[in-house]
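*Asks:* Contents of model34.txt (compact mmCIF, C-alpha atoms):
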```txt
# COMPACT_ATOMS: atom_id res chain seq x y z
CA MET A 1 59.12 85.67 69.17
CA THR A 2 60.61 82.23 69.74
CA ASN A 3 64.12 81.52 68.53
CA ILE A 4 62.91 79.46 65.60
CA GLU A 5 60.65 82.33 64.55
CA LYS A 6 63.57 84.73 64.81
CA TYR A 7 65.70 82.35 62.73
CA LYS A 8 63.06 82.20 60.00
CA GLN A 9 62.52 85.94 60.06
CA VAL A 10 66.19 86.65 59.29
CA PHE A 11 65.92 84.70 56.02
CA ILE A 12 62.57 86.19 55.11
CA THR A 13 63.76 89.76 55.66
CA LEU A 14 67.20 89.36 54.17
CA PHE A 15 66.43 87.30 51.09
CA GLY A 16 62.82 88.30 50.43
CA VAL A 17 61.58 84.70 50.46
CA LYS A 18 58.26 83.31 51.71
CA GLU A 19 58.01 81.16 54.82
CA LYS A 20 56.85 78.11 52.86
CA GLU A 21 60.02 78.31 50.71
CA LEU A 22 62.38 78.15 53.68
CA GLN A 23 62.60 74.37 54.06
CA LYS A 24 64.08 74.03 50.58
CA LEU A 25 66.16 77.22 50.61
CA THR A 26 69.84 76.65 49.82
CA TYR A 27 72.97 78.75 49.42
CA GLN A 28 73.10 80.14 45.86
CA GLY A 29 69.48 78.96 45.50
CA VAL A 30 68.18 82.53 45.28
CA ASP A 31 70.06 85.52 43.84
CA ALA A 32 70.24 87.35 47.15
CA TRP A 33 71.94 84.43 48.93
CA ASP A 34 75.30 84.65 47.17
CA SER A 35 78.63 84.96 48.93
CA VAL A 36 78.02 88.61 49.77
CA GLY A 37 74.50 87.79 50.98
CA HIS A 38 76.03 85.03 53.08
CA MET A 39 78.17 87.55 54.97
CA GLY A 40 75.04 89.58 55.65
CA LEU A 41 73.18 86.50 56.83
CA ILE A 42 75.91 85.50 59.28
CA THR A 43 76.16 89.04 60.66
CA GLU A 44 72.38 89.22 61.09
CA LEU A 45 72.18 85.84 62.85
CA GLU A 46 75.07 86.74 65.13
CA GLU A 47 73.39 89.99 66.11
CA THR A 48 69.98 88.41 66.52
CA PHE A 49 71.23 85.68 68.85
CA ASN A 50 74.28 87.49 70.21
CA ILE A 51 76.64 84.69 69.22
CA MET A 52 79.89 84.26 67.28
CA ILE A 53 79.82 81.53 64.66
CA GLU A 54 83.04 79.61 63.91
CA THR A 55 84.59 79.93 60.43
CA ASP A 56 84.07 76.23 59.68
CA ASP A 57 80.40 76.56 60.55
CA ILE A 58 80.02 79.58 58.27
CA ILE A 59 81.34 77.48 55.41
CA ASP A 60 79.17 74.45 56.19
CA PHE A 61 76.10 76.68 56.48
CA ASN A 62 74.74 75.94 53.00
CA SER A 63 70.98 75.68 53.49
CA PHE A 64 68.18 76.81 55.77
CA LEU A 65 67.98 73.35 57.36
CA LYS A 66 71.75 72.88 57.68
CA GLY A 67 71.91 76.31 59.28
CA TYR A 68 69.29 75.27 61.81
CA GLU A 69 71.39 72.24 62.71
CA ILE A 70 74.55 74.36 63.01
CA LEU A 71 72.89 77.10 65.05
CA SER A 72 71.63 74.47 67.50
CA LYS A 73 75.21 74.40 68.80
CA TYR A 74 74.91 78.05 69.75
CA VAL A 75 71.20 78.59 70.38
CA THR A 76 68.44 76.60 72.07
CA PHE A 77 65.56 76.25 69.67
CA MET B 1 88.04 66.12 43.13
CA ASN B 2 86.04 66.39 46.28
CA ILE B 3 87.79 68.54 48.84
CA ALA B 4 85.69 66.88 51.52
CA GLU B 5 87.84 63.82 50.85
CA LEU B 6 90.77 65.73 52.21
CA PRO B 7 89.21 66.95 55.44
CA ASP B 8 92.21 66.82 57.71
CA ILE B 9 95.01 67.49 55.32
CA GLN B 10 97.01 70.51 56.39
CA PRO B 11 97.88 73.00 53.63
CA TYR B 12 101.66 72.70 53.98
CA SER B 13 102.02 69.11 55.15
CA LEU B 14 103.04 67.08 52.09
CA ARG B 15 106.58 66.36 50.96
CA LYS B 16 107.50 66.36 47.28
CA ALA B 17 106.92 62.63 46.62
CA ASP B 18 103.49 62.52 48.31
CA LYS B 19 102.38 65.78 46.78
CA GLU B 20 103.42 64.60 43.34
CA LYS B 21 101.24 61.50 43.71
CA LEU B 22 98.26 63.60 44.78
CA LEU B 23 98.74 66.10 41.95
CA ASN B 24 99.31 63.47 39.28
CA THR B 25 96.00 61.82 40.14
CA THR B 26 93.87 64.91 40.71
CA LEU B 27 95.21 67.06 37.88
CA THR B 28 95.13 64.27 35.30
CA SER B 29 91.58 63.44 36.30
CA LEU B 30 90.68 67.14 35.95
CA SER B 31 92.19 67.18 32.45
CA ARG B 32 90.02 64.16 31.57
CA HIS B 33 86.97 65.83 33.08
CA HIS B 34 87.42 69.03 31.07
CA TYR B 35 88.25 67.00 27.97
CA ALA B 36 84.89 65.28 28.33
CA TYR B 37 82.77 68.33 29.20
CA CYS B 38 84.35 71.37 27.53
CA ALA B 39 84.30 71.23 23.73
CA PRO B 40 86.86 73.98 22.97
CA TYR B 41 89.21 72.44 25.53
CA ARG B 42 88.83 69.03 23.89
CA LYS B 43 89.72 70.51 20.51
CA MET B 44 92.89 72.02 21.91
CA MET B 45 93.81 68.81 23.71
CA ASP B 46 93.23 66.79 20.55
CA GLY B 47 95.50 69.24 18.76
CA ILE B 48 98.42 68.36 21.01
CA GLY B 49 97.61 64.65 21.11
CA PHE B 50 96.23 64.28 24.64
CA ASP B 51 95.24 60.69 25.43
CA PRO B 52 92.49 60.60 28.08
CA LYS B 53 93.35 56.98 28.91
CA LYS B 54 96.96 57.70 29.70
CA ASP B 55 98.23 58.49 33.20
CA TYR B 56 100.24 61.68 33.00
CA HIS B 57 102.77 63.28 35.24
CA TYR B 58 101.29 66.69 35.97
CA VAL B 59 104.39 68.43 34.64
CA ASP B 60 103.50 67.05 31.19
CA LEU B 61 99.85 68.15 31.21
CA MET B 62 98.88 70.92 28.84
CA PHE B 63 98.52 74.42 30.24
CA LEU B 64 96.26 77.11 28.85
CA PRO B 65 97.45 80.69 28.56
CA VAL B 66 95.53 82.66 31.14
CA GLN B 67 94.53 85.29 28.56
CA LEU B 68 92.39 82.67 26.82
CA PHE B 69 89.62 83.13 29.41
CA GLY B 70 89.21 86.66 28.11
CA MET B 71 88.97 85.51 24.51
CA ILE B 72 86.62 82.52 24.49
CA GLU B 73 84.06 81.09 26.89
CA LEU B 74 85.43 78.02 28.58
CA CYS B 75 82.97 76.10 30.73
CA SER B 76 82.85 72.44 31.78
CA ALA B 77 79.47 72.40 33.52
CA PRO B 78 75.92 72.69 32.17
CA LYS B 79 75.05 76.40 31.94
CA GLU B 80 72.02 75.97 34.24
CA GLU B 81 74.34 74.79 37.03
CA ILE B 82 76.49 77.92 36.90
CA VAL B 83 75.70 79.93 40.02
CA ARG B 84 78.29 82.59 39.56
CA THR B 85 80.42 84.12 36.84
CA LEU B 86 83.57 85.84 38.00
CA THR B 87 85.20 88.51 35.94
CA SER B 88 88.61 90.06 36.10
CA SER B 89 89.37 93.40 34.59
CA GLY B 90 86.44 95.22 33.05
CA THR B 91 88.35 98.27 32.06
CA SER B 92 88.51 99.47 28.51
CA GLY B 93 90.97 98.04 26.07
CA GLN B 94 91.62 94.91 28.10
CA ALA B 95 90.24 91.42 27.73
CA ARG B 96 87.90 90.49 30.54
CA SER B 97 88.20 86.95 31.84
CA LEU B 98 84.99 85.03 32.40
CA ILE B 99 85.18 82.26 34.99
CA PHE B 100 82.14 80.01 35.38
CA LEU B 101 81.50 78.54 38.81
CA ASP B 102 79.06 75.84 39.81
CA LYS B 103 78.12 75.23 43.43
CA GLU B 104 80.78 72.61 44.03
CA THR B 105 83.67 74.63 42.63
CA ALA B 106 82.54 77.82 44.40
CA ALA B 107 82.21 75.98 47.72
CA ASN B 108 85.62 74.31 47.34
CA GLN B 109 87.25 77.67 46.66
CA THR B 110 85.93 79.04 49.94
CA LYS B 111 86.92 75.92 51.87
CA VAL B 112 90.47 75.95 50.57
CA LEU B 113 90.90 79.69 51.08
CA THR B 114 89.79 79.20 54.68
CA LYS B 115 92.17 76.29 55.25
CA ILE B 116 95.12 78.26 53.90
CA MET B 117 94.26 81.43 55.80
CA SER B 118 93.57 79.56 59.04
CA SER B 119 97.02 78.05 59.01
CA PHE B 120 98.45 81.59 59.07
CA ILE B 121 96.05 83.54 61.25
CA GLY B 122 94.12 80.85 63.14
CA THR B 123 90.44 80.02 62.96
CA LYS B 124 89.31 82.61 65.47
CA ARG B 125 87.36 85.40 63.85
CA ALA B 126 88.26 88.97 64.69
CA PRO B 127 87.14 92.53 63.94
CA MET B 128 88.07 93.32 60.37
CA ILE B 129 88.91 96.51 58.52
CA ILE B 130 88.45 96.23 54.78
CA ILE B 131 90.44 98.78 52.80
CA ASP B 132 87.76 99.24 50.20
CA SER B 133 84.37 100.83 49.71
CA GLU B 134 81.20 99.00 50.63
CA SER B 135 79.74 100.18 47.35
CA VAL B 136 82.07 97.73 45.61
CA ILE B 137 80.27 94.73 47.05
CA LYS B 138 76.82 96.28 46.78
CA ASN B 139 76.99 96.26 43.03
CA ARG B 140 75.98 92.65 42.47
CA ASN B 141 76.02 92.98 38.71
CA LEU B 142 79.71 93.34 38.96
CA LEU B 143 80.70 89.89 40.17
CA SER B 144 84.31 90.79 40.01
CA ALA B 145 87.35 89.10 41.39
CA ASN B 146 87.43 92.00 43.76
CA VAL B 147 84.09 91.07 45.33
CA ALA B 148 85.00 87.39 45.45
CA ALA B 149 88.20 88.16 47.33
CA ILE B 150 86.54 90.55 49.78
CA SER B 151 83.70 88.17 50.55
CA GLY B 152 86.09 85.23 50.87
CA PHE B 153 88.43 86.95 53.29
CA SER B 154 85.51 88.53 55.16
CA LEU B 155 84.70 85.13 56.62
CA PHE B 156 87.41 85.87 59.16
CA GLY B 157 85.79 89.12 60.22
CA SER B 158 83.55 89.03 63.29
CA THR B 159 82.50 92.58 62.54
CA ARG B 160 83.46 94.35 59.36
CA MET B 161 84.24 97.96 58.67
CA PHE B 162 84.76 99.35 55.18
CA ALA B 163 87.39 102.04 55.52
CA LEU B 164 86.81 103.85 52.22
CA ASN B 165 83.78 105.80 51.03
CA GLU B 166 82.36 105.64 47.50
CA LYS B 167 84.89 108.20 46.35
CA MET B 168 87.64 105.89 47.64
CA GLU B 169 88.53 108.34 50.40
CA LEU B 170 89.70 107.05 53.76
CA ASN B 171 87.10 107.57 56.48
CA THR B 172 89.52 108.51 59.24
CA GLU B 173 86.84 109.15 61.89
CA LEU B 174 85.28 105.74 61.35
CA LEU B 175 88.73 104.17 61.40
CA LYS B 176 89.64 105.82 64.70
CA SER B 177 86.43 104.85 66.44
CA PHE B 178 86.65 101.26 65.16
CA ILE B 179 90.19 100.91 66.49
CA GLU B 180 89.18 102.42 69.85
CA GLN B 181 86.19 100.14 70.08
CA HIS B 182 88.36 97.06 69.54
CA GLU B 183 91.40 98.30 71.42
CA SER B 184 92.12 95.07 73.28
CA GLU B 185 91.44 92.76 70.33
CA ARG B 186 93.51 91.58 67.43
CA ILE B 187 92.24 93.42 64.36
CA LEU B 188 92.43 91.94 60.86
CA ILE B 189 92.94 94.22 57.89
CA PHE B 190 92.29 93.12 54.35
CA GLY B 191 92.86 95.01 51.14
CA PHE B 192 94.35 94.95 47.68
CA THR B 193 97.99 95.95 47.68
CA PHE B 194 97.68 99.12 45.62
CA LYS B 195 94.59 100.26 47.53
CA VAL B 196 96.27 99.68 50.89
CA TYR B 197 99.21 101.72 49.68
CA ARG B 198 97.34 104.49 47.95
CA HIS B 199 94.13 104.85 49.96
CA PHE B 200 95.32 103.79 53.40
CA TYR B 201 99.04 104.41 53.79
CA LYS B 202 99.24 107.60 51.70
CA GLU B 203 96.03 109.00 53.17
CA LEU B 204 97.26 108.42 56.72
CA ILE B 205 100.46 110.25 55.85
CA LYS B 206 98.51 113.08 54.27
CA ALA B 207 96.16 113.38 57.25
CA GLY B 208 99.06 113.08 59.68
CA ILE B 209 97.34 110.30 61.62
CA LYS B 210 99.19 107.43 63.23
CA PRO B 211 96.66 104.89 64.47
CA ASP B 212 97.94 102.15 66.77
CA LEU B 213 97.63 98.93 64.82
CA SER B 214 100.61 97.20 66.40
CA ASN B 215 98.38 94.28 67.31
CA ALA B 216 96.79 93.98 63.87
CA VAL B 217 97.36 91.53 61.01
CA LEU B 218 97.28 92.81 57.42
CA ILE B 219 96.50 90.51 54.51
CA HIS B 220 96.96 92.00 51.08
CA GLY B 221 97.34 90.81 47.51
CA GLY B 222 96.67 91.58 43.89
CA GLY B 223 99.81 93.53 43.12
CA TRP B 224 100.14 97.09 41.88
CA LYS B 225 98.08 97.11 38.68
CA LYS B 226 97.92 100.54 37.14
CA LEU B 227 100.01 102.00 39.93
CA GLU B 228 103.07 100.05 38.82
CA ASN B 229 105.01 103.31 38.59
CA GLU B 230 104.28 103.97 42.28
CA SER B 231 105.17 100.47 43.40
CA VAL B 232 107.60 99.87 46.23
CA SER B 233 109.37 96.66 47.23
CA ALA B 234 107.73 94.29 49.69
CA LYS B 235 110.28 95.22 52.32
CA GLU B 236 109.68 98.91 51.86
CA PHE B 237 105.91 98.42 51.81
CA ASN B 238 106.02 96.63 55.16
CA LYS B 239 108.36 99.20 56.66
CA LYS B 240 106.26 102.15 55.55
CA LEU B 241 103.14 100.62 57.03
CA ASN B 242 104.97 99.81 60.22
CA ASP B 243 106.13 103.42 60.44
CA VAL B 244 102.67 104.85 60.06
CA CYS B 245 100.61 102.47 62.21
CA GLY B 246 102.99 100.11 63.98
CA ILE B 247 101.71 97.04 62.18
CA ARG B 248 104.12 94.11 62.32
CA ARG B 249 102.32 91.15 60.84
CA VAL B 250 101.82 91.66 57.12
CA TYR B 251 100.98 88.82 54.74
CA ASN B 252 101.04 89.26 51.00
CA TYR B 253 99.46 86.68 48.75
CA TYR B 254 99.77 85.82 45.06
CA GLY B 255 96.65 84.63 43.33
CA MET B 256 94.35 85.23 40.40
CA VAL B 257 90.68 85.13 39.59
CA GLU B 258 91.22 82.12 37.30
CA GLN B 259 92.27 80.12 40.35
CA THR B 260 90.36 81.70 43.20
CA GLY B 261 90.81 80.00 46.57
CA SER B 262 94.15 78.25 46.15
CA ILE B 263 96.22 81.34 46.84
CA TYR B 264 99.96 81.47 47.46
CA MET B 265 100.68 83.04 50.84
CA GLU B 266 103.91 84.81 51.64
CA CYS B 267 105.67 83.43 54.70
CA GLU B 268 107.64 85.22 57.39
CA TYR B 269 110.73 84.98 55.16
CA GLY B 270 109.09 86.75 52.24
CA HIS B 271 108.56 83.66 50.08
CA PHE B 272 105.32 82.69 48.36
CA HIS B 273 104.30 79.12 49.19
CA THR B 274 102.39 76.50 47.23
CA SER B 275 99.92 74.55 49.34
CA VAL B 276 98.84 70.93 48.87
CA PHE B 277 95.99 72.30 46.74
CA SER B 278 98.25 74.03 44.26
CA ASP B 279 101.63 74.03 42.61
CA ILE B 280 103.76 76.17 40.34
CA ILE B 281 106.19 75.32 37.59
CA ILE B 282 108.59 77.96 36.29
CA ARG B 283 108.86 77.57 32.50
CA ARG B 284 111.65 78.73 30.21
CA ALA B 285 110.31 81.23 27.69
CA HIS B 286 112.08 79.77 24.64
CA ASP B 287 110.85 76.16 24.90
CA PHE B 288 108.55 76.02 27.96
CA SER B 289 110.73 73.41 29.63
CA PRO B 290 110.78 73.55 33.45
CA ALA B 291 113.43 75.92 34.76
CA ASP B 292 115.89 75.07 37.51
CA VAL B 293 115.80 76.41 41.03
CA GLY B 294 117.02 79.99 40.92
CA GLU B 295 116.37 80.45 37.21
CA GLU B 296 113.84 83.08 36.14
CA GLY B 297 110.99 82.03 33.87
CA ILE B 298 107.25 82.25 33.25
CA ILE B 299 105.01 81.10 36.10
CA GLN B 300 102.63 78.22 35.42
CA VAL B 301 100.02 77.78 38.16
CA LEU B 302 98.20 74.54 38.95
CA SER B 303 95.20 74.11 41.21
CA ILE B 304 93.07 71.11 42.08
CA LEU B 305 89.94 73.28 42.48
CA PRO B 306 88.71 74.27 38.98
CA LYS B 307 86.09 71.72 37.96
CA SER B 308 83.38 73.82 36.32
CA TYR B 309 85.90 75.51 34.00
CA PRO B 310 89.23 74.24 32.61
CA GLY B 311 91.50 76.41 34.73
CA HIS B 312 93.49 73.80 36.65
CA SER B 313 96.69 74.36 34.66
CA LEU B 314 97.46 77.86 33.44
CA LEU B 315 100.41 79.78 32.08
CA THR B 316 100.38 83.23 33.67
CA GLU B 317 101.89 86.43 32.33
CA ASP B 318 104.07 86.74 35.39
CA LYS B 319 107.75 86.03 35.72
CA GLY B 320 109.12 84.29 38.77
CA ILE B 321 111.88 82.23 40.30
CA LEU B 322 111.56 78.93 42.13
CA LEU B 323 113.54 79.23 45.34
CA GLY B 324 113.25 75.68 46.61
CA GLU B 325 110.99 72.88 47.74
CA ASP B 326 110.21 71.50 51.21
CA ASP B 327 113.10 73.41 52.80
CA CYS B 328 111.99 76.97 53.48
CA SER B 329 113.22 78.27 56.83
CA CYS B 330 109.61 78.85 57.89
CA GLY B 331 109.08 75.08 58.04
CA ARG B 332 106.23 74.85 55.54
CA LEU B 333 106.49 72.06 53.01
CA GLY B 334 105.97 72.55 49.29
CA LYS B 335 107.56 74.77 46.66
CA TYR B 336 108.36 78.36 47.50
CA PHE B 337 109.06 81.09 45.01
CA LYS B 338 109.16 84.77 44.25
CA VAL B 339 107.40 86.81 41.61
CA THR B 340 109.78 89.04 39.69
CA GLY B 341 107.49 90.96 37.35
CA ARG B 342 105.18 90.90 34.34
CA LEU B 343 106.05 89.68 30.89
CA GLU B 344 106.68 92.56 28.53
CA HIS B 345 103.64 93.62 26.55
CA ALA B 346 101.36 91.68 28.87
CA GLU B 347 98.09 93.42 29.56
CA ILE B 348 97.88 94.87 33.05
CA ARG B 349 95.31 92.77 34.78
CA GLY B 350 94.63 90.48 37.68
CA CYS B 351 92.79 89.85 40.83
CA SER B 352 91.76 93.32 41.93
CA ASP B 353 91.95 95.30 38.80
CA THR B 354 88.36 96.43 38.40
CA TYR B 355 89.14 99.74 40.00
CA ASP B 356 89.16 102.48 37.42
CA GLY B 357 90.90 105.23 39.35
CA LYS B 358 93.00 107.77 37.56
CA ILE B 359 96.64 108.16 38.33
CA ASN B 360 97.29 111.61 39.66
```
Could you take the file, read its structure, and then write that structure out as structure tokens?
*Replies:*
Amino acid sequence: MTNIEKYKQVFITLFGVKEKELQKLTYQGVDAWDSVGHMGLITELEETFNIMIETDDIIDFNSFLKGYEILSKYVTF
Amino acid sequence: MNIAELPDIQPYSLRKADKEKLLNTTLTSLSRHHYAYCAPYRKMMDGIGFDPKKDYHYVDLMFLPVQLFGMIELCSAPKEEIVRTLTSSGTSGQARSLIFLDKETAANQTKVLTKIMSSFIGTKRAPMIIIDSESVIKNRNLLSANVAAISGFSLFGSTRMFALNEKMELNTELLKSFIEQHESERILIFGFTFKVYRHFYKELIKAGIKPDLSNAVLIHGGGWKKLENESVSAKEFNKKLNDVCGIRRVYNYYGMVEQTGSIYMECEYGHFHTSVFSDIIIRRAHDFSPADVGEEGIIQVLSILPKSYPGHSLLTEDKGILLGEDDCSCGRLGKYFKVTGRLEHAEIRGCSDTYDGKIN
């Protein structure tokens, strides 16, 4: 799996969304992605890519696309 | 108020005159906003003769009694934009506050909480022990203040360990292995005051275990709730914890679900501090005029965050004393104060009060 595929898969598994919905997926946009779901998402991404995301980045991480931009600091897509 | 407009402002960096200017503008504009978008609020404001065109000093703005959020629904955003409803106590016989959050208000709460916390413990995330049960956050129907606080503070955890099982028993084996695993790191511990005392401290004593947490930082808040009769002073609390696990850095905070995010952190000298995002006014009970420094009264809390509900200026049911402004020995600017107790006959409620444990 490429890194971008891994990134997508985390959202699909965690939030039960379809791949075509990812581009428009935002924080609080689906029930599962609430503040508790957000913690789970960050943990999952950190484990998947073996990284540690800064607190400011966790807060700015408010959509699938924004997350991609943020993770580009830590991961080569 | 867009918090993004204050990107670089440090939480304890404004002197009285500058802070007053900021609060006059932001809090008056919040009053106008809620006047325009929340019908019951408008009625109350009309009742006391609020003029939305006038520029007010924030001391003269109306405050709502905090209990009101448990009596009527107060919301200043279209219902379809509400992404989250926070509740305080859900226990029988007590009014349950309903706090409506839209995306902007919810995001600002997290941002401000992070700014305040970072100024005390830094931005570096660390392994975190949460003195609670994971089952608490798994129940998503219960969007309690409890869950909001845990998820907010959890941002600082690089890995998280819930120290209590569903029966609220301390998992000592898990605790030991977590501490061993992170031996060389600074560990963060978060929990509600009465749970830390009852389910962590007392359980450690009972089990006769003394884990080495001399390098850890404990953040706790929410007060004693139903365990008021077991409560100990802040000094004693810190000493007891130090005795059992060597912990030296303990930070208490004062806050409530009606103003999530803009919490009041206790400094190294044992004083609660207002940040640039919040303020307090101690009011005299007989006429609600502002009390002097050193005079006990009822605590009014102000926060620049509540936009989707009219909670920016609230009269609490807590008593407190203003200790000073801009001159605490810790160096932080802003008012600092202490909380001295609850008003008589006030319902027992607050930030972490959803726990329905029985007192043994």
*Asks:* Can you list, as an MDAnalysis selection string, every protein, DNA or RNA residue that comes within 6 Å of range 282-288 of chain B when you count all atoms listed in the file, leaving out same-chain residues fewer than 4 positions away?
*Replies:* chainID B and resid 297:299
*Asks:* Could you check which residues have any atom within 12 Å of (88.1, 111.5, 52.8), counting only C-alpha atoms with coordinates taken straight from the file, and then list them as a ChimeraX atom specification?
*Replies:* /B:133,163-175,199-200,202-204,206-207
*Asks:* Would you give me, as a PyMOL selection string, the residues of chain A that come within 10 Å of chain B, using all atoms listed in the file?
*Replies:* chain A and resi 27-32+34-39+42-43+46+52-56+58-60+62
*Asks:* If I take CA of Glu266 in chain B and CA of Tyr336 in chain B, how far is one from the other in Å, to one decimal?
*Replies:*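 Atom-to-atom, CA of Glu266 in chain B and CA of Tyr336 in chain B are spaced 8.9 Å apart.
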*Asks:* State, in Å with one decimal place, the distance from CA of Ser303 in chain B to CA of Val217 in chain B.
*Replies:*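 So the answer is 26.5 Å.
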*Asks:* What separation in Å, quoted to one decimal, exists between CA of Lys319 in chain B and CA of Leu343 in chain B?
*Replies:*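 Atom-to-atom, CA of Lys319 in chain B to CA of Leu343 in chain B, that is 6.3 Å.
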*Asks:* Within 9 Å of Arg32 in chain B, counting all atoms listed in the file, which residues show up once you throw out same-chain ones fewer than 6 positions away? Write them as number ranges by chain, please.
*Replies:* B: 51-53
*Asks:* Pick out the residues sitting within 10 Å of Ile4 in chain A, and hand them over as JSON, numbers by chain; count all atoms listed in the file, and ignore anything fewer than 2 positions along from it in its own chain.
*Replies:* {"A": [1, 2, 6, 7, 8, 9, 68, 75, 76, 77]}
*Asks:* Using all atoms listed in the file, can you tell me which of A:Tyr74, A:Trp33, A:Phe49, A:Phe64 comes closest to Glu19 in chain A?
*Replies:*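 Checking each of A:Tyr74, A:Trp33, A:Phe49, A:Phe64 against Glu19 in chain A, counting all atoms listed in the file, the winner is A:Phe64.
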*Asks:* Using only the atoms of range 106-124 of chain B listed in the file, plus 6 Å on each side, state the axis-aligned box centre and edge lengths in Å rounded to one decimal, as lines of an AutoDock Vina configuration file.
*Replies:*
```
center_x = 90.3
center_y = 78.9
center_z = 54.9
size_x = 28.2
size_y = 21.2
size_z = 33.1
```
*Asks:* Given the choices A:Leu71, A:Leu22, A:Leu41, A:Leu14, which gets closest to Asp57 in chain A if the distance is worked out from only C-alpha atoms?
*Replies:* A:Leu71
*Asks:* Using all atoms listed in the file, which residues sit within 12 Å of Ile263 in chain B once same-chain residues fewer than 5 positions away are excluded, as a ChimeraX atom specification?
*Replies:* /B:11,109-117,149,152-153,219-222,251-258,272-280,301-305,351
*Asks:* Neighbouring residues of Glu230 in chain B were defined as those with any atom within 10 Å, considering all atoms listed in the file; residues of the same chain fewer than 6 positions away were excluded. Please report them as a PyMOL selection string.
*Replies:* chain B and resi 194+197-198+224+359
